[in-house]
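Raw contents of model_27.pdb, PDB, C-alpha atoms:
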```pdb
MODEL        1
ATOM      1  CA  ASP A   1      41.306  19.758  16.715
ATOM      2  CA  GLY A   2      42.074  19.386  20.416
ATOM      3  CA  LEU A   3      38.629  20.571  21.531
ATOM      4  CA  VAL A   4      36.115  18.860  23.795
ATOM      5  CA  VAL A   5      32.618  20.378  23.944
ATOM      6  CA  VAL A   6      30.242  19.756  26.847
ATOM      7  CA  GLY A   7      26.678  21.028  27.230
ATOM      8  CA  SER A   8      24.849  21.389  30.550
ATOM      9  CA  GLY A   9      21.250  21.060  31.633
ATOM     10  CA  LYS A  10      21.285  24.772  32.469
ATOM     11  CA  GLY A  11      22.141  25.713  28.892
ATOM     12  CA  TYR A  12      25.864  26.350  29.229
ATOM     13  CA  LEU A  13      28.151  25.219  26.431
ATOM     14  CA  TYR A  14      31.798  24.701  27.413
ATOM     15  CA  GLY A  15      34.790  24.383  25.107
ATOM     16  CA  LEU A  16      37.603  22.497  26.861
ATOM     17  CA  ASP A  17      41.203  21.814  25.928
ATOM     18  CA  ALA A  18      41.323  18.080  25.166
ATOM     19  CA  ALA A  19      44.826  17.704  26.607
ATOM     20  CA  THR A  20      44.485  19.631  29.870
ATOM     21  CA  GLY A  21      40.748  20.048  30.492
ATOM     22  CA  ALA A  22      41.185  23.820  30.793
ATOM     23  CA  VAL A  23      38.130  25.878  29.825
ATOM     24  CA  LYS A  24      38.869  27.694  26.548
ATOM     25  CA  TRP A  25      35.471  29.370  26.367
ATOM     26  CA  GLN A  26      31.902  29.106  27.566
ATOM     27  CA  ARG A  27      28.603  30.279  26.146
ATOM     28  CA  GLN A  28      25.070  30.566  27.575
ATOM     29  CA  LEU A  29      22.400  29.160  25.240
ATOM     30  CA  SER A  30      18.616  29.551  25.435
ATOM     31  CA  GLY A  31      17.694  26.089  26.712
ATOM     32  CA  SER A  32      18.952  22.841  28.230
ATOM     33  CA  ILE A  33      21.469  20.901  26.160
ATOM     34  CA  LEU A  34      20.369  17.267  26.186
ATOM     35  CA  SER A  35      22.397  15.820  23.298
ATOM     36  CA  PRO A  36      26.038  15.973  22.149
ATOM     37  CA  SER A  37      27.170  18.808  19.905
ATOM     38  CA  LEU A  38      28.804  18.283  16.513
ATOM     39  CA  ILE A  39      32.250  19.770  15.856
ATOM     40  CA  HIS A  40      32.966  20.222  12.136
ATOM     41  CA  ASN A  41      34.954  22.642   9.959
ATOM     42  CA  GLY A  42      35.517  25.167  12.732
ATOM     43  CA  ARG A  43      31.899  25.136  13.907
ATOM     44  CA  VAL A  44      30.235  23.685  16.980
ATOM     45  CA  ILE A  45      26.607  22.812  16.168
ATOM     46  CA  THR A  46      24.365  22.479  19.238
ATOM     47  CA  TYR A  47      20.647  21.819  19.618
ATOM     48  CA  ALA A  48      18.979  23.344  22.686
ATOM     49  CA  ASN A  49      15.824  21.871  24.196
ATOM     50  CA  ASP A  50      13.748  24.933  23.211
ATOM     51  CA  GLY A  51      14.208  24.026  19.519
ATOM     52  CA  THR A  52      17.007  26.468  18.678
ATOM     53  CA  VAL A  53      20.080  25.323  16.774
ATOM     54  CA  PHE A  54      23.275  27.233  17.554
ATOM     55  CA  GLY A  55      26.395  27.583  15.432
ATOM     56  CA  THR A  56      29.432  28.553  17.531
ATOM     57  CA  ASP A  57      32.979  29.378  16.469
ATOM     58  CA  ALA A  58      35.041  26.414  17.668
ATOM     59  CA  SER A  59      38.126  28.546  18.367
ATOM     60  CA  THR A  60      36.596  31.481  20.233
ATOM     61  CA  GLY A  61      33.152  30.351  21.449
ATOM     62  CA  GLU A  62      31.568  33.342  19.709
ATOM     63  CA  ALA A  63      28.045  33.111  18.297
ATOM     64  CA  VAL A  64      28.005  32.664  14.511
ATOM     65  CA  TRP A  65      24.387  31.793  13.707
ATOM     66  CA  THR A  66      21.094  30.503  15.128
ATOM     67  CA  PHE A  67      18.172  28.665  13.552
ATOM     68  CA  ASP A  68      14.759  28.115  15.153
ATOM     69  CA  THR A  69      12.962  24.848  14.447
ATOM     70  CA  ALA A  70       9.201  24.388  14.757
ATOM     71  CA  THR A  71       8.548  22.801  18.141
ATOM     72  CA  THR A  72       5.541  21.554  20.078
ATOM     73  CA  PRO A  73       4.622  22.704  23.614
ATOM     74  CA  LEU A  74       4.766  19.126  24.957
ATOM     75  CA  SER A  75       7.534  16.660  24.178
ATOM     76  CA  VAL A  76       9.499  13.733  25.511
ATOM     77  CA  ARG A  77      12.574  15.134  27.272
ATOM     78  CA  GLY A  78      15.451  14.490  24.904
ATOM     79  CA  ASN A  79      16.924  15.585  21.582
ATOM     80  CA  ALA A  80      18.601  13.943  18.629
ATOM     81  CA  ALA A  81      22.224  14.948  18.161
ATOM     82  CA  PRO A  82      23.179  16.731  14.924
ATOM     83  CA  VAL A  83      24.668  14.545  12.168
ATOM     84  CA  LEU A  84      26.331  15.307   8.831
ATOM     85  CA  SER A  85      24.704  14.385   5.528
ATOM     86  CA  ASP A  86      27.688  15.743   3.588
ATOM     87  CA  ASP A  87      30.719  17.926   4.305
ATOM     88  CA  ASN A  88      28.662  21.139   4.248
ATOM     89  CA  THR A  89      25.249  20.079   5.607
ATOM     90  CA  VAL A  90      24.230  19.251   9.167
ATOM     91  CA  VAL A  91      20.969  17.371   9.733
ATOM     92  CA  MET A  92      18.757  18.249  12.717
ATOM     93  CA  ALA A  93      15.674  16.295  13.822
ATOM     94  CA  ASN A  94      13.163  17.786  16.264
ATOM     95  CA  ASN A  95      10.145  17.029  18.441
ATOM     96  CA  SER A  96       7.479  17.909  15.876
ATOM     97  CA  GLY A  97       8.424  15.316  13.280
ATOM     98  CA  TYR A  98      10.588  17.544  11.073
ATOM     99  CA  VAL A  99      14.152  17.127   9.863
ATOM    100  CA  TYR A 100      16.207  20.101   8.669
ATOM    101  CA  GLY A 101      19.338  20.292   6.540
ATOM    102  CA  LEU A 102      21.370  23.379   7.508
ATOM    103  CA  ASP A 103      24.542  24.865   6.054
ATOM    104  CA  VAL A 104      27.321  24.185   8.575
ATOM    105  CA  GLN A 105      29.025  27.551   8.123
ATOM    106  CA  SER A 106      26.026  29.906   7.868
ATOM    107  CA  GLY A 107      23.056  28.034   9.354
ATOM    108  CA  ILE A 108      21.002  28.789   6.245
ATOM    109  CA  PRO A 109      18.427  26.019   5.680
ATOM    110  CA  ARG A 110      19.078  23.943   2.560
ATOM    111  CA  TRP A 111      15.929  21.832   2.987
ATOM    112  CA  GLN A 112      13.345  20.670   5.488
ATOM    113  CA  ARG A 113      11.165  17.571   5.473
ATOM    114  CA  ARG A 114       8.340  16.276   7.607
ATOM    115  CA  VAL A 115       9.015  12.620   8.350
ATOM    116  CA  ALA A 116       6.399  11.837  11.011
ATOM    117  CA  VAL A 117       2.690  12.558  11.354
ATOM    118  CA  SER A 118       0.929  12.636  14.725
ATOM    119  CA  GLU A 119      -2.415  11.064  15.515
ATOM    120  CA  GLY A 120      -4.640  11.109  18.570
ATOM    121  CA  ARG A 121      -6.888  13.484  20.476
ATOM    122  CA  SER A 122      -4.680  14.482  23.389
ATOM    123  CA  GLU A 123      -1.279  16.183  23.298
ATOM    124  CA  VAL A 124       0.255  13.059  24.835
ATOM    125  CA  GLN A 125      -1.195  10.862  22.072
ATOM    126  CA  ARG A 126       0.179  13.287  19.472
ATOM    127  CA  LEU A 127       3.807  13.175  20.705
ATOM    128  CA  ILE A 128       6.063  12.375  17.741
ATOM    129  CA  ASP A 129       9.535  13.328  18.978
ATOM    130  CA  ILE A 130      12.553  12.251  16.970
ATOM    131  CA  ASP A 131      15.087  11.698  19.763
ATOM    132  CA  GLY A 132      17.307   9.237  17.882
ATOM    133  CA  GLU A 133      19.778  10.565  15.330
ATOM    134  CA  PRO A 134      18.881  10.131  11.656
ATOM    135  CA  VAL A 135      20.992   7.494   9.910
ATOM    136  CA  ILE A 136      22.263   8.326   6.419
ATOM    137  CA  VAL A 137      23.354   5.518   4.083
ATOM    138  CA  ASP A 138      23.943   5.897   0.321
ATOM    139  CA  ASN A 139      22.248   9.329   0.316
ATOM    140  CA  ASN A 140      19.132   7.861   1.924
ATOM    141  CA  MET A 141      18.068   9.093   5.369
ATOM    142  CA  PHE A 142      16.296   6.848   7.873
ATOM    143  CA  THR A 143      14.468   8.399  10.836
ATOM    144  CA  VAL A 144      12.159   6.975  13.479
ATOM    145  CA  SER A 145       9.858   8.888  15.797
ATOM    146  CA  TYR A 146       7.988   8.230  19.017
ATOM    147  CA  GLN A 147       4.392   7.105  18.285
ATOM    148  CA  GLY A 148       5.065   7.892  14.645
ATOM    149  CA  GLN A 149       6.843   6.312  11.724
ATOM    150  CA  LEU A 150      10.080   4.863  10.465
ATOM    151  CA  THR A 151      10.674   6.859   7.293
ATOM    152  CA  ALA A 152      13.146   6.553   4.433
ATOM    153  CA  VAL A 153      13.882   9.754   2.484
ATOM    154  CA  ASN A 154      16.118  10.115  -0.563
ATOM    155  CA  LEU A 155      18.166  13.247   0.156
ATOM    156  CA  GLN A 156      18.896  13.966  -3.496
ATOM    157  CA  SER A 157      15.256  14.063  -4.617
ATOM    158  CA  GLN A 158      13.852  14.933  -1.148
ATOM    159  CA  ARG A 159      11.138  12.331  -1.714
ATOM    160  CA  VAL A 160       9.844   9.885   0.868
ATOM    161  CA  MET A 161      10.685   6.399  -0.376
ATOM    162  CA  TRP A 162       8.571   4.590   2.210
ATOM    163  CA  ALA A 163       7.193   4.852   5.749
ATOM    164  CA  GLN A 164       6.091   2.288   8.337
ATOM    165  CA  ASP A 165       4.191   2.927  11.570
ATOM    166  CA  THR A 166       6.320   2.217  14.643
ATOM    167  CA  SER A 167       7.561   3.958  17.798
ATOM    168  CA  SER A 168      11.069   4.499  19.139
ATOM    169  CA  LEU A 169      13.193   7.075  20.936
ATOM    170  CA  ARG A 170      16.456   5.537  19.665
ATOM    171  CA  SER A 171      18.275   5.747  16.350
ATOM    172  CA  PRO A 172      17.517   3.071  13.777
ATOM    173  CA  ALA A 173      20.369   0.802  12.681
ATOM    174  CA  VAL A 174      21.075  -0.107   9.064
ATOM    175  CA  GLY A 175      22.897  -3.205   7.835
ATOM    176  CA  ASN A 176      22.574  -6.339   5.690
ATOM    177  CA  GLY A 177      19.946  -4.645   3.558
ATOM    178  CA  LEU A 178      17.675  -4.079   6.564
ATOM    179  CA  VAL A 179      16.687  -1.194   8.848
ATOM    180  CA  TYR A 180      16.356  -2.209  12.508
ATOM    181  CA  VAL A 181      14.249  -0.458  15.136
ATOM    182  CA  ALA A 182      14.227  -1.011  18.912
ATOM    183  CA  THR A 183      10.636  -0.043  19.708
ATOM    184  CA  SER A 184       9.209   1.757  22.725
ATOM    185  CA  GLU A 185       7.453  -1.513  23.652
ATOM    186  CA  GLY A 186      10.740  -3.436  23.846
ATOM    187  CA  HIS A 187      10.592  -5.256  20.503
ATOM    188  CA  ILE A 188      13.130  -5.419  17.673
ATOM    189  CA  GLN A 189      11.703  -4.845  14.196
ATOM    190  CA  ALA A 190      13.448  -5.182  10.834
ATOM    191  CA  PHE A 191      12.390  -3.612   7.536
ATOM    192  CA  ASN A 192      13.699  -3.990   4.001
ATOM    193  CA  GLN A 193      16.033  -1.042   3.347
ATOM    194  CA  VAL A 194      14.727  -0.460  -0.187
ATOM    195  CA  THR A 195      11.018  -1.300   0.012
ATOM    196  CA  GLY A 196      10.188  -0.849   3.704
ATOM    197  CA  GLU A 197       8.528  -4.255   3.897
ATOM    198  CA  LYS A 198       8.738  -6.025   7.253
ATOM    199  CA  ALA A 199      11.386  -8.714   7.237
TER     200      ALA A 199
ENDMDL
END
```

Before anything else, please render the file you have as structure tokens.
Amino acid sequence: DGLVVVGSGKGYLYGLDAATGAVKWQRQLSGSILSPSLIHNGRVITYANDGTVFGTDASTGEAVWTFDTATTPLSVRGNAAPVLSDDNTVVMANNSGYVYGLDVQSGIPRWQRRVAVSEGRSEVQRLIDIDGEPVIVDNNMFTVSYQGQLTAVNLQSQRVMWAQDTSSLRSPAVGNGLVYVATSEGHIQAFNQVTGEKA
């Protein structure tokens, strides 16, 4: 709708005219903005690095709603961008292994699901950030976490279909009946989309 949204490391969110670059509005958020916002149905959905999700009126830049996700004190610096699971639901992944489905207009949570479990004695060993966007195909959601798991969740039943241990800070890719992961160690892995078995 002629709007470009840019977030800054100092927590400023700018709404710019796509044709001229003129600033239409700006808003100060509570933390650094490290991933792109989502513009949908008159809302700008933004995830700040302190774990707060902000819903902003796309026309005026006014605050509409906020939602706080459960975060950990230590994380890899980065955030997954918000994605749509349907026309009314935005999906947010965070640094503690949770994924949330929020109403686009109101910010009210529709569901939340833990998709990664941490292991290890130190805080560094227990890092399980989800910095890559969830991928949604045929109402199934695929997420991958750092030092955690690649997980497939059916969004209709909210049940975990399968999970495989792996580590990545990038989004998985889905195609040809497989789910692909570029791992933190520099390998490419492929898993069966339905069963989770390694290809």

Given 3 Å of margin on each side, can you work out the centre and size in Å (one decimal) of an axis-aligned box holding every listed atom of range 13-18 of chain A, as AutoDock Vina command-line options?
```
--center_x 34.7 --center_y 21.6 --center_z 26.3 --size_x 19.2 --size_y 13.1 --size_z 8.3
```

Selection: 9 Å around range 128-139 of chain A, all atoms listed in the file, excl. self and same-chain fewer than 3 positions, as a VMD selection string | chain A and resid 75 to 85 91 to 99 116 to 119 125 142 to 149 153 to 156 167 to 174

File dump, residues just selected, C-alpha atoms, as an mmCIF file, keeping the file's coordinate frame:
```cif
data_model
loop_
_atom_site.group_PDB
_atom_site.id
_atom_site.type_symbol
_atom_site.label_atom_id
_atom_site.label_comp_id
_atom_site.auth_asym_id
_atom_site.auth_seq_id
_atom_site.Cartn_x
_atom_site.Cartn_y
_atom_site.Cartn_z
ATOM 1 C CA SER A 75 7.534 16.660 24.178
ATOM 2 C CA VAL A 76 9.499 13.733 25.511
ATOM 3 C CA ARG A 77 12.574 15.134 27.272
ATOM 4 C CA GLY A 78 15.451 14.490 24.904
ATOM 5 C CA ASN A 79 16.924 15.585 21.582
ATOM 6 C CA ALA A 80 18.601 13.943 18.629
ATOM 7 C CA ALA A 81 22.224 14.948 18.161
ATOM 8 C CA PRO A 82 23.179 16.731 14.924
ATOM 9 C CA VAL A 83 24.668 14.545 12.168
ATOM 10 C CA LEU A 84 26.331 15.307 8.831
ATOM 11 C CA SER A 85 24.704 14.385 5.528
ATOM 12 C CA VAL A 91 20.969 17.371 9.733
ATOM 13 C CA MET A 92 18.757 18.249 12.717
ATOM 14 C CA ALA A 93 15.674 16.295 13.822
ATOM 15 C CA ASN A 94 13.163 17.786 16.264
ATOM 16 C CA ASN A 95 10.145 17.029 18.441
ATOM 17 C CA SER A 96 7.479 17.909 15.876
ATOM 18 C CA GLY A 97 8.424 15.316 13.280
ATOM 19 C CA TYR A 98 10.588 17.544 11.073
ATOM 20 C CA VAL A 99 14.152 17.127 9.863
ATOM 21 C CA ALA A 116 6.399 11.837 11.011
ATOM 22 C CA VAL A 117 2.690 12.558 11.354
ATOM 23 C CA SER A 118 0.929 12.636 14.725
ATOM 24 C CA GLU A 119 -2.415 11.064 15.515
ATOM 25 C CA GLN A 125 -1.195 10.862 22.072
ATOM 26 C CA PHE A 142 16.296 6.848 7.873
ATOM 27 C CA THR A 143 14.468 8.399 10.836
ATOM 28 C CA VAL A 144 12.159 6.975 13.479
ATOM 29 C CA SER A 145 9.858 8.888 15.797
ATOM 30 C CA TYR A 146 7.988 8.230 19.017
ATOM 31 C CA GLN A 147 4.392 7.105 18.285
ATOM 32 C CA GLY A 148 5.065 7.892 14.645
ATOM 33 C CA GLN A 149 6.843 6.312 11.724
ATOM 34 C CA VAL A 153 13.882 9.754 2.484
ATOM 35 C CA ASN A 154 16.118 10.115 -0.563
ATOM 36 C CA LEU A 155 18.166 13.247 0.156
ATOM 37 C CA GLN A 156 18.896 13.966 -3.496
ATOM 38 C CA SER A 167 7.561 3.958 17.798
ATOM 39 C CA SER A 168 11.069 4.499 19.139
ATOM 40 C CA LEU A 169 13.193 7.075 20.936
ATOM 41 C CA ARG A 170 16.456 5.537 19.665
ATOM 42 C CA SER A 171 18.275 5.747 16.350
ATOM 43 C CA PRO A 172 17.517 3.071 13.777
ATOM 44 C CA ALA A 173 20.369 0.802 12.681
ATOM 45 C CA VAL A 174 21.075 -0.107 9.064
#
```

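The residue that comes closest to Leu29 in chain A, out of A:Ser106, A:Thr183, A:Asn140, A:Thr52 and on the basis of all atoms listed in the file, is A:Thr52.
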
Point out the residue among A:Trp111, A:Trp162, A:Trp25, A:Tyr100 with the least atom-to-atom distance to Ala63 in chain A, counting only C-alpha atoms.
-> A:Trp25

For range 8-12 of chain A: contacts at 7 Å, only C-alpha atoms, fewer than 6 positions along chain excluded, given as a PyMOL selection string | chain A and resi 26-34

Could you extract range 45-65 of chain A of the given structure into a file holding N, CA and C atoms, as a PDB file, in the first residue's frame?
```
ATOM      1  N   ILE A  45       3.708  -5.473  11.880  1.00  0.00           N
ATOM      2  CA  ILE A  45       4.083  -6.366  12.980  1.00  0.00           C
ATOM      3  C   ILE A  45       5.600  -6.390  13.065  1.00  0.00           C
ATOM      4  N   THR A  46       6.139  -6.047  14.245  1.00  0.00           N
ATOM      5  CA  THR A  46       7.585  -5.916  14.430  1.00  0.00           C
ATOM      6  C   THR A  46       8.005  -6.648  15.686  1.00  0.00           C
ATOM      7  N   TYR A  47       9.138  -7.347  15.603  1.00  0.00           N
ATOM      8  CA  TYR A  47       9.674  -8.067  16.758  1.00  0.00           C
ATOM      9  C   TYR A  47      10.947  -7.369  17.224  1.00  0.00           C
ATOM     10  N   ALA A  48      10.933  -6.861  18.456  1.00  0.00           N
ATOM     11  CA  ALA A  48      12.109  -6.207  19.022  1.00  0.00           C
ATOM     12  C   ALA A  48      13.005  -7.238  19.704  1.00  0.00           C
ATOM     13  N   ASN A  49      14.273  -6.902  19.855  1.00  0.00           N
ATOM     14  CA  ASN A  49      15.241  -7.859  20.388  1.00  0.00           C
ATOM     15  C   ASN A  49      15.045  -8.176  21.869  1.00  0.00           C
ATOM     16  N   ASP A  50      14.197  -7.425  22.575  1.00  0.00           N
ATOM     17  CA  ASP A  50      13.913  -7.741  23.977  1.00  0.00           C
ATOM     18  C   ASP A  50      12.762  -8.736  24.111  1.00  0.00           C
ATOM     19  N   GLY A  51      12.241  -9.249  22.979  1.00  0.00           N
ATOM     20  CA  GLY A  51      11.185 -10.255  23.024  1.00  0.00           C
ATOM     21  C   GLY A  51       9.778  -9.712  22.928  1.00  0.00           C
ATOM     22  N   THR A  52       9.628  -8.412  22.683  1.00  0.00           N
ATOM     23  CA  THR A  52       8.297  -7.813  22.570  1.00  0.00           C
ATOM     24  C   THR A  52       7.880  -7.722  21.108  1.00  0.00           C
ATOM     25  N   VAL A  53       6.640  -8.126  20.854  1.00  0.00           N
ATOM     26  CA  VAL A  53       6.057  -7.997  19.516  1.00  0.00           C
ATOM     27  C   VAL A  53       5.164  -6.757  19.518  1.00  0.00           C
ATOM     28  N   PHE A  54       5.305  -5.926  18.501  1.00  0.00           N
ATOM     29  CA  PHE A  54       4.544  -4.686  18.414  1.00  0.00           C
ATOM     30  C   PHE A  54       3.629  -4.699  17.196  1.00  0.00           C
ATOM     31  N   GLY A  55       2.370  -4.319  17.408  1.00  0.00           N
ATOM     32  CA  GLY A  55       1.442  -4.087  16.322  1.00  0.00           C
ATOM     33  C   GLY A  55       1.244  -2.591  16.167  1.00  0.00           C
ATOM     34  N   THR A  56       1.518  -2.067  14.983  1.00  0.00           N
ATOM     35  CA  THR A  56       1.467  -0.627  14.713  1.00  0.00           C
ATOM     36  C   THR A  56       0.477  -0.366  13.586  1.00  0.00           C
ATOM     37  N   ASP A  57      -0.280   0.722  13.701  1.00  0.00           N
ATOM     38  CA  ASP A  57      -1.173   1.120  12.622  1.00  0.00           C
ATOM     39  C   ASP A  57      -0.336   1.567  11.421  1.00  0.00           C
ATOM     40  N   ALA A  58      -0.548   0.910  10.276  1.00  0.00           N
ATOM     41  CA  ALA A  58       0.288   1.182   9.109  1.00  0.00           C
ATOM     42  C   ALA A  58       0.088   2.595   8.564  1.00  0.00           C
ATOM     43  N   SER A  59      -1.062   3.186   8.783  1.00  0.00           N
ATOM     44  CA  SER A  59      -1.345   4.517   8.238  1.00  0.00           C
ATOM     45  C   SER A  59      -0.776   5.636   9.096  1.00  0.00           C
ATOM     46  N   THR A  60      -0.894   5.469  10.429  1.00  0.00           N
ATOM     47  CA  THR A  60      -0.556   6.565  11.339  1.00  0.00           C
ATOM     48  C   THR A  60       0.714   6.345  12.153  1.00  0.00           C
ATOM     49  N   GLY A  61       1.159   5.081  12.287  1.00  0.00           N
ATOM     50  CA  GLY A  61       2.302   4.785  13.149  1.00  0.00           C
ATOM     51  C   GLY A  61       1.943   4.701  14.618  1.00  0.00           C
ATOM     52  N   GLU A  62       0.646   4.744  14.930  1.00  0.00           N
ATOM     53  CA  GLU A  62       0.205   4.670  16.323  1.00  0.00           C
ATOM     54  C   GLU A  62       0.278   3.237  16.842  1.00  0.00           C
ATOM     55  N   ALA A  63       0.568   3.113  18.147  1.00  0.00           N
ATOM     56  CA  ALA A  63       0.592   1.802  18.790  1.00  0.00           C
ATOM     57  C   ALA A  63      -0.810   1.211  18.827  1.00  0.00           C
ATOM     58  N   VAL A  64      -0.924  -0.070  18.472  1.00  0.00           N
ATOM     59  CA  VAL A  64      -2.217  -0.761  18.516  1.00  0.00           C
ATOM     60  C   VAL A  64      -2.198  -1.844  19.591  1.00  0.00           C
ATOM     61  N   TRP A  65      -1.121  -2.646  19.612  1.00  0.00           N
ATOM     62  CA  TRP A  65      -1.019  -3.695  20.627  1.00  0.00           C
ATOM     63  C   TRP A  65       0.444  -4.102  20.811  1.00  0.00           C
TER      64      TRP A  65
END
```
